[in-house]
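Since the structure comes first, as structure tokens, the remarks are kept for the end.
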Amino acid sequence: MIRVGIPQALLYYQYYPMWQAFFQALGAEVVVSPPTARPTVEAGLARMVAETCLPVKVYGGHVCHLRELGVDCVFVPAIRATEPGLFNCSKFLGLPDLIRATVEDSSPLLEIDIDVGQGRGALQRAIYRLGWPFTWNPLHIRKAALAAWEAHLGFQALMRERKLTPPEAIEGSGGEGHALDSRCLPDTGSLVIAVVGHPYCLYDSYINHNLLGRLRRMGVRVITPEMAPAQGLEMGIRRLARFKYWVYEAEVTGAAGYYLEDPAVDGVIAVVVFGCGPDSTMLDVVQRAARRQEKPYMGLVLDEHTGEAGLVTRLEAFVDMIDRRKSARGSWEAGSMEKRRECA
Amino acid sequence: MRISVPYVGHLWVALRALAARSGLELVEPPRPSQHTVSLGVRHSPEWMCFPFKVVLGSFIEAIERGADTIVMAEGPQLCRLGYYARLHEQILHDLGYTHVRVLTFNWQEEQILGFARFLRSILGKERPWKEIVGHLKHGLEQLVLMEDVEKRVHYLRPRARDWREVNLIWQVAGPRISAALTGQELREVRRQLLAELEAVDLDPRADPLKVGFLGEFILVIDPFFNLDLEDELGRRGVEIVRSSWIAGWAKIWLFMEMLGLSHGQEIKKAARPYLKRDVSGEGLQTIGETVLHAQEGFHGIIHIQPFTCLPEIMAQNILPQVLRDHDIPVLEIIIDEQTAKTGIITRLEAFVDLMQRRRIREALAARRNS
């Protein structure tokens with residue numbers, strides 16, 4: 001049985017159930033690297049130039065780790081466009097090339113080029129080429145691809161309907177996900193804060209110092225881009241930026257546009273990593289919109305040097321500020337602040 | 001409608017002539033300066049790239065001179081550049097310049113016919129197509145001449161007895177080419193300029209080092225953005241071979257792609273062992289040209305990029321792999337608004353010394369072997 005390694009980084013949080021279903025249907029064993037930890041980050045840092053963004057360095061670290069787990073190959077996709085006419089960050093466009101150049105001793109890479117702009121035929125050919133090492137039978141590959149698509153749709157519906165984050169949904173479906181701190185249940189919070197950003201910034205609790213867990217422990221109900229309806233995200237993009245440019249724009253501009261308008265949301269936190277090209281453009285658009293809407297907004301910019309203490313202080317200050325603002329408007333539950341203190 | 005266009009490379013050499021020929025009201029922003037940079041940096045997102053900030057500053061200066069319409073390139077596959085126009089518009093409106101319109105032109109989808117149509121929509125629908133095509137042709141010819149002269153200047157600077165002589169001709173080349181409003185005049189200016197350059201007194205002992213100048217498009221083509229490194233290197237006896245040219249780029253995008261001819265085949269083939277995919281911008285070109293230059297026996301490569309540039313970070317990550325197979329020194333220069341020229345010059349001088357010593361060492365080794 002071929003062991004396929006999937007790094008638990010970057011697009012893992014968006015597509016893991018799909019990839020898992022595909023490779024399992026082809027009779028492969030799927031191995032996921034363990035959650036990001038200090039050695040993972042260090043392995044990545046040592047291999048890439050300093051200007052590279054943190055999630056990509058982390059990805060490199062995961063690929064290194066997978067080699068130690070003894071996988072036969074590592075799945076590294078190059079995603080050009082998921083809709084015609086869109087553009088992706090250069091790192092996603094050339095991810096396999098980047099990994100080949102920087103992690104020279106990695107296990108062989110399984111590459112696929114996804115470019116929906118090239119048409120249906122090109123996409124199908126790319127999928128067949130990906131499945132080729134596992135089976136000679138194209139019908140088998142076709143079946144695996146359909147199962148993968150099914151899994152992807154189920155995954156998205158699960159997150160939307162039950163208001164789950166991707167790691168929770170992956171864990172629920174038997175994957176390697178890790179649960180967030182559930183000492184305070186998601187629904188008990190009186191404050192609702194939308195956290196927007198790329199999934200690899202929001203759900204990698206090493207990169208963001210367990211931001212979502214911390215917010216929940218403060219008694220905040222956290223909502224994330226995956227919980228918003230797809231049309232809502234599209235509308236958010238149109239409202240803020242007129243038309244879509246980046247492949248992963250929905251989770252930043254779209255979610256921000258949607259949640260900034262939503263009266264049930266008390267504040268918005270945008271989580272980005274330093275040096276992110278797409279986000280450097282989108283964040284500015286979001287910031288301007290937040291100012292117009294007069295909704296509390298905080299942009300958290302993370303990198304490998306981000307100190308935990310500073311981050312926690314900013315989070316507490318932001319939550320307290322929203323709390324006061326709410327209480328001034330007369331909808332404050334008595335004692336909620338003390339409860340939050342105990343939790344944190 | 002008073003139109004302005006960013007001050008990048010020699011674009012304005014052709015635009016000044018266009019304004020004079022067609023009566024179009026163009027507002028020329030002042031040459032970028034420290035003031036432009038400060039203006040741009042103050043109003044730009046923090047980690048947008050350096051060209052974005054300077055172009056924004058340049059727009060504000062143009063608006064203060066009376067421009068009310070801005071023309072920018074747009075479209076996907078252009079890295080963040082494709083997003084510039086939208087962000088510039090929002091920032092300018094928030095600054096209170098609500099009367100300013102940003103017109104965009106999508107290079108990749110529309111190519112030469114689209115560009116002619118775009119030009120006609122600005123000039124006025126009543127103008128005959130013949131006139132539009134004439135303007136386009138003249139503008140391109142001016143750019144081509146400007147860059148032909150520049151190539152010659154790159155060649156002569158390290159070989160002249162006194163580089164100042166070359167610079168004197170180069171400084172007035174732009175205005176002279178701008179002033180040539182007819183094909184006849186342009187041919188005359190071409191003849192004169194090339195003759196003057198031919199007459200430059202050469203140093204017979206000169207043996208310049210040959211260096212490839214690669215990286216992000218705007219930084220490579222514009223002396224303001226690259227701190228005039230071409231001049232600094234020329235003075236120090238280094239011949240620059242540049243990879244990006246506006247006229248070359250326009251030719252590729254506007255004509256070749258339409259005809260289905262692709263210029264970059266050789267570059268793509270050279271880059272293939274290291275980078276198989278186009279990562280937008282000049283990432284692929286940087287890798288491919290490095291390989292080609294190494295094979296052609298260049299003495300070194302200067303790779304220049306703005307801080308946080310998406311495609312060039314990819315190239316920078318992949319370059320070490322290229323250098324393992326090809327023995328050629330590379331100097332990385334990353335530019336942002338904080339970059340001081342003095343620091344860069346010191347690094348350049350060290351790099352030139354390094355290349356010279358390598359050359360001597362190789363010559364000695366060759367003599368010993370023979």
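In the structure tokens, chains take letters A, B, ... by order of appearance, with residues numbered from 1 within each chain and ligands from 1 in the order shown.
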
What residues in chain B lie within 9 Å of chain A, counting only C-alpha atoms, written as a PDB file with N, CA and C atoms, in the first residue's frame?
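New file part.pdb:
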```
ATOM      1  N   SER B  44      -0.216  54.420   1.970  1.00  0.00           N
ATOM      2  CA  SER B  44      -0.293  53.051   1.457  1.00  0.00           C
ATOM      3  C   SER B  44      -0.392  52.046   2.595  1.00  0.00           C
ATOM      4  N   PRO B  45      -0.967  50.854   2.293  1.00  0.00           N
ATOM      5  CA  PRO B  45      -0.892  49.767   3.270  1.00  0.00           C
ATOM      6  C   PRO B  45       0.575  49.473   3.560  1.00  0.00           C
ATOM      7  N   GLU B  46       0.830  49.074   4.796  1.00  0.00           N
ATOM      8  CA  GLU B  46       2.215  48.980   5.266  1.00  0.00           C
ATOM      9  C   GLU B  46       3.075  48.060   4.408  1.00  0.00           C
ATOM     10  N   TRP B  47       2.608  46.824   4.148  1.00  0.00           N
ATOM     11  CA  TRP B  47       3.492  45.937   3.402  1.00  0.00           C
ATOM     12  C   TRP B  47       3.081  45.721   1.963  1.00  0.00           C
ATOM     13  N   MET B  48       2.541  46.767   1.373  1.00  0.00           N
ATOM     14  CA  MET B  48       2.437  46.754  -0.082  1.00  0.00           C
ATOM     15  C   MET B  48       3.858  46.978  -0.604  1.00  0.00           C
ATOM     16  N   CYS B  49       4.089  46.615  -1.867  1.00  0.00           N
ATOM     17  CA  CYS B  49       5.452  46.726  -2.367  1.00  0.00           C
ATOM     18  C   CYS B  49       5.803  48.173  -2.710  1.00  0.00           C
ATOM     19  N   GLY B  75      -5.492  43.501 -14.303  1.00  0.00           N
ATOM     20  CA  GLY B  75      -5.761  42.147 -14.769  1.00  0.00           C
ATOM     21  C   GLY B  75      -5.013  41.109 -13.971  1.00  0.00           C
ATOM     22  N   PRO B  76      -5.509  39.871 -14.010  1.00  0.00           N
ATOM     23  CA  PRO B  76      -4.831  38.819 -13.268  1.00  0.00           C
ATOM     24  C   PRO B  76      -3.523  38.438 -13.931  1.00  0.00           C
ATOM     25  N   GLN B  77      -2.782  37.562 -13.317  1.00  0.00           N
ATOM     26  CA  GLN B  77      -1.468  37.104 -13.783  1.00  0.00           C
ATOM     27  C   GLN B  77      -0.425  38.200 -13.659  1.00  0.00           C
ATOM     28  N   LEU B  78      -0.799  39.314 -13.079  1.00  0.00           N
ATOM     29  CA  LEU B  78       0.150  40.411 -12.955  1.00  0.00           C
ATOM     30  C   LEU B  78       0.607  40.556 -11.517  1.00  0.00           C
ATOM     31  N   CYS B  79       0.561  39.541 -10.715  1.00  0.00           N
ATOM     32  CA  CYS B  79       0.834  39.614  -9.278  1.00  0.00           C
ATOM     33  C   CYS B  79      -0.044  40.693  -8.652  1.00  0.00           C
ATOM     34  N   ARG B  80       0.459  41.386  -7.660  1.00  0.00           N
ATOM     35  CA  ARG B  80      -0.386  42.388  -7.006  1.00  0.00           C
ATOM     36  C   ARG B  80      -0.666  43.588  -7.892  1.00  0.00           C
ATOM     37  N   GLY B  82      -2.014  43.804 -10.566  1.00  0.00           N
ATOM     38  CA  GLY B  82      -3.366  43.784 -11.097  1.00  0.00           C
ATOM     39  C   GLY B  82      -4.389  44.349 -10.124  1.00  0.00           C
ATOM     40  N   TYR B  83      -4.013  44.488  -8.875  1.00  0.00           N
ATOM     41  CA  TYR B  83      -4.930  44.971  -7.853  1.00  0.00           C
ATOM     42  C   TYR B  83      -4.670  46.452  -7.553  1.00  0.00           C
ATOM     43  N   TYR B  84      -3.534  46.948  -8.022  1.00  0.00           N
ATOM     44  CA  TYR B  84      -3.125  48.326  -7.735  1.00  0.00           C
ATOM     45  C   TYR B  84      -4.255  49.324  -7.959  1.00  0.00           C
ATOM     46  N   ARG B  86      -7.442  49.276  -8.209  1.00  0.00           N
ATOM     47  CA  ARG B  86      -8.606  49.296  -7.333  1.00  0.00           C
ATOM     48  C   ARG B  86      -8.270  49.924  -5.984  1.00  0.00           C
ATOM     49  N   LEU B  87      -7.093  49.546  -5.489  1.00  0.00           N
ATOM     50  CA  LEU B  87      -6.683  50.053  -4.184  1.00  0.00           C
ATOM     51  C   LEU B  87      -6.336  51.537  -4.280  1.00  0.00           C
ATOM     52  N   GLN B  90      -9.554  53.537  -4.185  1.00  0.00           N
ATOM     53  CA  GLN B  90     -10.138  53.652  -2.843  1.00  0.00           C
ATOM     54  C   GLN B  90      -9.347  54.634  -1.988  1.00  0.00           C
ATOM     55  N   ILE B  91      -8.021  54.526  -2.048  1.00  0.00           N
ATOM     56  CA  ILE B  91      -7.191  55.385  -1.204  1.00  0.00           C
ATOM     57  C   ILE B  91      -7.367  56.840  -1.623  1.00  0.00           C
ATOM     58  N   ASP B  94     -10.707  58.129  -0.436  1.00  0.00           N
ATOM     59  CA  ASP B  94     -10.696  58.373   1.008  1.00  0.00           C
ATOM     60  C   ASP B  94      -9.900  59.622   1.356  1.00  0.00           C
ATOM     61  N   TYR B 274      14.305  23.723 -12.544  1.00  0.00           N
ATOM     62  CA  TYR B 274      14.176  24.317 -11.216  1.00  0.00           C
ATOM     63  C   TYR B 274      12.773  24.843 -10.950  1.00  0.00           C
ATOM     64  N   LEU B 275      12.148  25.388 -11.980  1.00  0.00           N
ATOM     65  CA  LEU B 275      10.837  25.994 -11.813  1.00  0.00           C
ATOM     66  C   LEU B 275      10.026  25.673 -13.063  1.00  0.00           C
ATOM     67  N   LYS B 276       8.997  24.837 -12.870  1.00  0.00           N
ATOM     68  CA  LYS B 276       8.235  24.378 -14.030  1.00  0.00           C
ATOM     69  C   LYS B 276       7.081  25.294 -14.360  1.00  0.00           C
ATOM     70  N   ARG B 277       6.626  26.042 -13.340  1.00  0.00           N
ATOM     71  CA  ARG B 277       5.387  26.782 -13.522  1.00  0.00           C
ATOM     72  C   ARG B 277       5.645  28.281 -13.533  1.00  0.00           C
ATOM     73  N   ASP B 278       4.806  28.986 -14.253  1.00  0.00           N
ATOM     74  CA  ASP B 278       4.879  30.441 -14.239  1.00  0.00           C
ATOM     75  C   ASP B 278       4.326  30.922 -12.901  1.00  0.00           C
ATOM     76  N   VAL B 279       5.144  31.617 -12.129  1.00  0.00           N
ATOM     77  CA  VAL B 279       4.663  32.070 -10.822  1.00  0.00           C
ATOM     78  C   VAL B 279       4.272  33.543 -10.865  1.00  0.00           C
ATOM     79  N   SER B 280       3.904  34.037 -12.053  1.00  0.00           N
ATOM     80  CA  SER B 280       3.504  35.427 -12.271  1.00  0.00           C
ATOM     81  C   SER B 280       4.696  36.363 -12.130  1.00  0.00           C
ATOM     82  N   GLY B 281       4.501  37.592 -12.572  1.00  0.00           N
ATOM     83  CA  GLY B 281       5.582  38.565 -12.513  1.00  0.00           C
ATOM     84  C   GLY B 281       6.786  38.055 -13.285  1.00  0.00           C
ATOM     85  N   GLY B 283       9.194  35.997 -11.957  1.00  0.00           N
ATOM     86  CA  GLY B 283       9.833  34.897 -11.232  1.00  0.00           C
ATOM     87  C   GLY B 283      10.500  33.887 -12.149  1.00  0.00           C
ATOM     88  N   PHE B 307      10.731  44.768  -1.390  1.00  0.00           N
ATOM     89  CA  PHE B 307      10.429  43.981  -0.193  1.00  0.00           C
ATOM     90  C   PHE B 307       8.999  43.439  -0.293  1.00  0.00           C
ATOM     91  N   THR B 308       8.809  42.190   0.075  1.00  0.00           N
ATOM     92  CA  THR B 308       7.534  41.441   0.048  1.00  0.00           C
ATOM     93  C   THR B 308       7.032  41.112  -1.364  1.00  0.00           C
ATOM     94  N   CYS B 309       7.875  41.236  -2.388  1.00  0.00           N
ATOM     95  CA  CYS B 309       7.441  40.895  -3.745  1.00  0.00           C
ATOM     96  C   CYS B 309       7.104  39.404  -3.813  1.00  0.00           C
ATOM     97  N   LEU B 310       5.909  39.054  -4.301  1.00  0.00           N
ATOM     98  CA  LEU B 310       5.505  37.644  -4.291  1.00  0.00           C
ATOM     99  C   LEU B 310       6.353  36.779  -5.226  1.00  0.00           C
ATOM    100  N   PRO B 311       6.424  37.097  -6.529  1.00  0.00           N
ATOM    101  CA  PRO B 311       7.142  36.179  -7.418  1.00  0.00           C
ATOM    102  C   PRO B 311       8.646  36.127  -7.150  1.00  0.00           C
ATOM    103  N   GLU B 312       9.221  37.252  -6.770  1.00  0.00           N
ATOM    104  CA  GLU B 312      10.675  37.256  -6.606  1.00  0.00           C
ATOM    105  C   GLU B 312      11.111  36.511  -5.347  1.00  0.00           C
ATOM    106  N   ILE B 313      10.232  36.415  -4.346  1.00  0.00           N
ATOM    107  CA  ILE B 313      10.577  35.606  -3.170  1.00  0.00           C
ATOM    108  C   ILE B 313      10.674  34.146  -3.593  1.00  0.00           C
ATOM    109  N   MET B 314       9.767  33.746  -4.491  1.00  0.00           N
ATOM    110  CA  MET B 314       9.839  32.387  -5.034  1.00  0.00           C
ATOM    111  C   MET B 314      11.189  32.184  -5.714  1.00  0.00           C
ATOM    112  N   ALA B 315      11.553  33.143  -6.574  1.00  0.00           N
ATOM    113  CA  ALA B 315      12.815  33.037  -7.304  1.00  0.00           C
ATOM    114  C   ALA B 315      13.985  32.974  -6.331  1.00  0.00           C
ATOM    115  N   GLN B 316      13.903  33.809  -5.300  1.00  0.00           N
ATOM    116  CA  GLN B 316      14.991  33.876  -4.331  1.00  0.00           C
ATOM    117  C   GLN B 316      15.147  32.538  -3.598  1.00  0.00           C
ATOM    118  N   ASN B 317      14.021  31.877  -3.327  1.00  0.00           N
ATOM    119  CA  ASN B 317      14.070  30.581  -2.661  1.00  0.00           C
ATOM    120  C   ASN B 317      14.655  29.506  -3.564  1.00  0.00           C
ATOM    121  N   ILE B 318      14.428  29.651  -4.872  1.00  0.00           N
ATOM    122  CA  ILE B 318      14.843  28.603  -5.801  1.00  0.00           C
ATOM    123  C   ILE B 318      16.274  28.832  -6.298  1.00  0.00           C
ATOM    124  N   LEU B 319      16.727  30.101  -6.278  1.00  0.00           N
ATOM    125  CA  LEU B 319      18.064  30.418  -6.806  1.00  0.00           C
ATOM    126  C   LEU B 319      19.205  29.566  -6.231  1.00  0.00           C
ATOM    127  N   PRO B 320      19.237  29.304  -4.916  1.00  0.00           N
ATOM    128  CA  PRO B 320      20.351  28.491  -4.401  1.00  0.00           C
ATOM    129  C   PRO B 320      20.490  27.165  -5.130  1.00  0.00           C
ATOM    130  N   GLN B 321      19.366  26.588  -5.517  1.00  0.00           N
ATOM    131  CA  GLN B 321      19.367  25.326  -6.255  1.00  0.00           C
ATOM    132  C   GLN B 321      20.043  25.501  -7.616  1.00  0.00           C
ATOM    133  N   VAL B 322      19.740  26.635  -8.262  1.00  0.00           N
ATOM    134  CA  VAL B 322      20.337  26.930  -9.562  1.00  0.00           C
ATOM    135  C   VAL B 322      21.849  27.103  -9.411  1.00  0.00           C
TER     136      VAL B 322
END
```

Find the residues around range 22-34 of chain A up to 8 Å (only C-alpha atoms counted), leave out those fewer than 2 positions away in its own chain, and share them as a list in words. Met1, Ile2, Arg3, Val4, Gly5, Ile6, Pro7, Gln8, Met18, Trp19, Gln20, Thr36, His62, Val63, His65, Leu66, Val71, Gly131, Phe134, Thr135, His140, Ile141, Lys143, Ala144, Ala145, Ala147, Ala148 and Glu176 of chain A

So, counting only C-alpha atoms, which residue among B:Pro306, B:Gly57, B:Gly343, B:Gly248 is closest to His43 in chain B?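 So, comparing all the options, the nearest one is B:Gly57.
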
Can you measure CA of Met235 in chain A to CA of Gln293 in chain A for me? One decimal in Å is fine.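 CA of Gln293 in chain A lies at a distance of 15.9 Å from CA of Met235 in chain A.
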
Using only C-alpha atoms, which protein or nucleic acid residues come within 8 Å of range 162-166 of chain A? Drop anything in the same chain fewer than 6 positions from it, and give the result as JSON, numbers by chain. {"A": [13, 14, 203, 223, 224, 226, 227]}

Every residue of range 196-311 of chain A that DSSP places in strand (DSSP E or B), as JSON, numbers by chain: {"A": [196, 197, 220, 221, 222, 223, 246, 267, 268, 269, 270, 271, 272, 273, 297, 298, 299, 300, 301, 302]}

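Taking only C-alpha atoms into account, Gly23 in chain B lies nearest to B:Ile122 out of the set B:Leu194, B:Ile302, B:Val41, B:Ile122.
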
Please report the interatomic distance between CA of Cys73 in chain A and CA of Tyr128 in chain A in Å with one decimal.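 Calculated distance between CA of Cys73 in chain A and CA of Tyr128 in chain A is 17.0 Å.
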
Which residue out of B:Leu119, B:Ala270, B:Leu181, B:Val200 has the minimum interatomic distance to Gln295 in chain B when only C-alpha atoms are used? B:Ala270

Could you tell me which of B:Arg176, B:His299, B:Arg31, B:Arg242 comes closest to Arg152 in chain B if we count only C-alpha atoms?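 Nearest candidate to Arg152 in chain B out of B:Arg176, B:His299, B:Arg31, B:Arg242: B:Arg242.
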
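Between CA of Pro55 in chain A and CA of Met298 in chain A there is a distance of 20.6 Å.
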
As an NGL selection string, please: every residue in range 81-250 of chain A that a backbone DSSP assignment puts in alpha helix (DSSP H). :A and (90-93 or 95-102 or 120-131 or 138-162 or 166-172 or 199-202 or 211-217 or 230-241)

Within 8 Å of Val55 in chain B, counting only C-alpha atoms, which residues show up once you throw out same-chain ones fewer than 2 positions away? Write them as a ChimeraX atom specification, please. /B:6-7,40,51-53,57-59

Would you mind telling me which residue in A:Ile193, A:Ile79, A:Ala230, A:Val116 lies nearest to Ala270 in chain A when using only C-alpha atoms?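 Smallest distance to Ala270 in chain A is found for A:Ile193.
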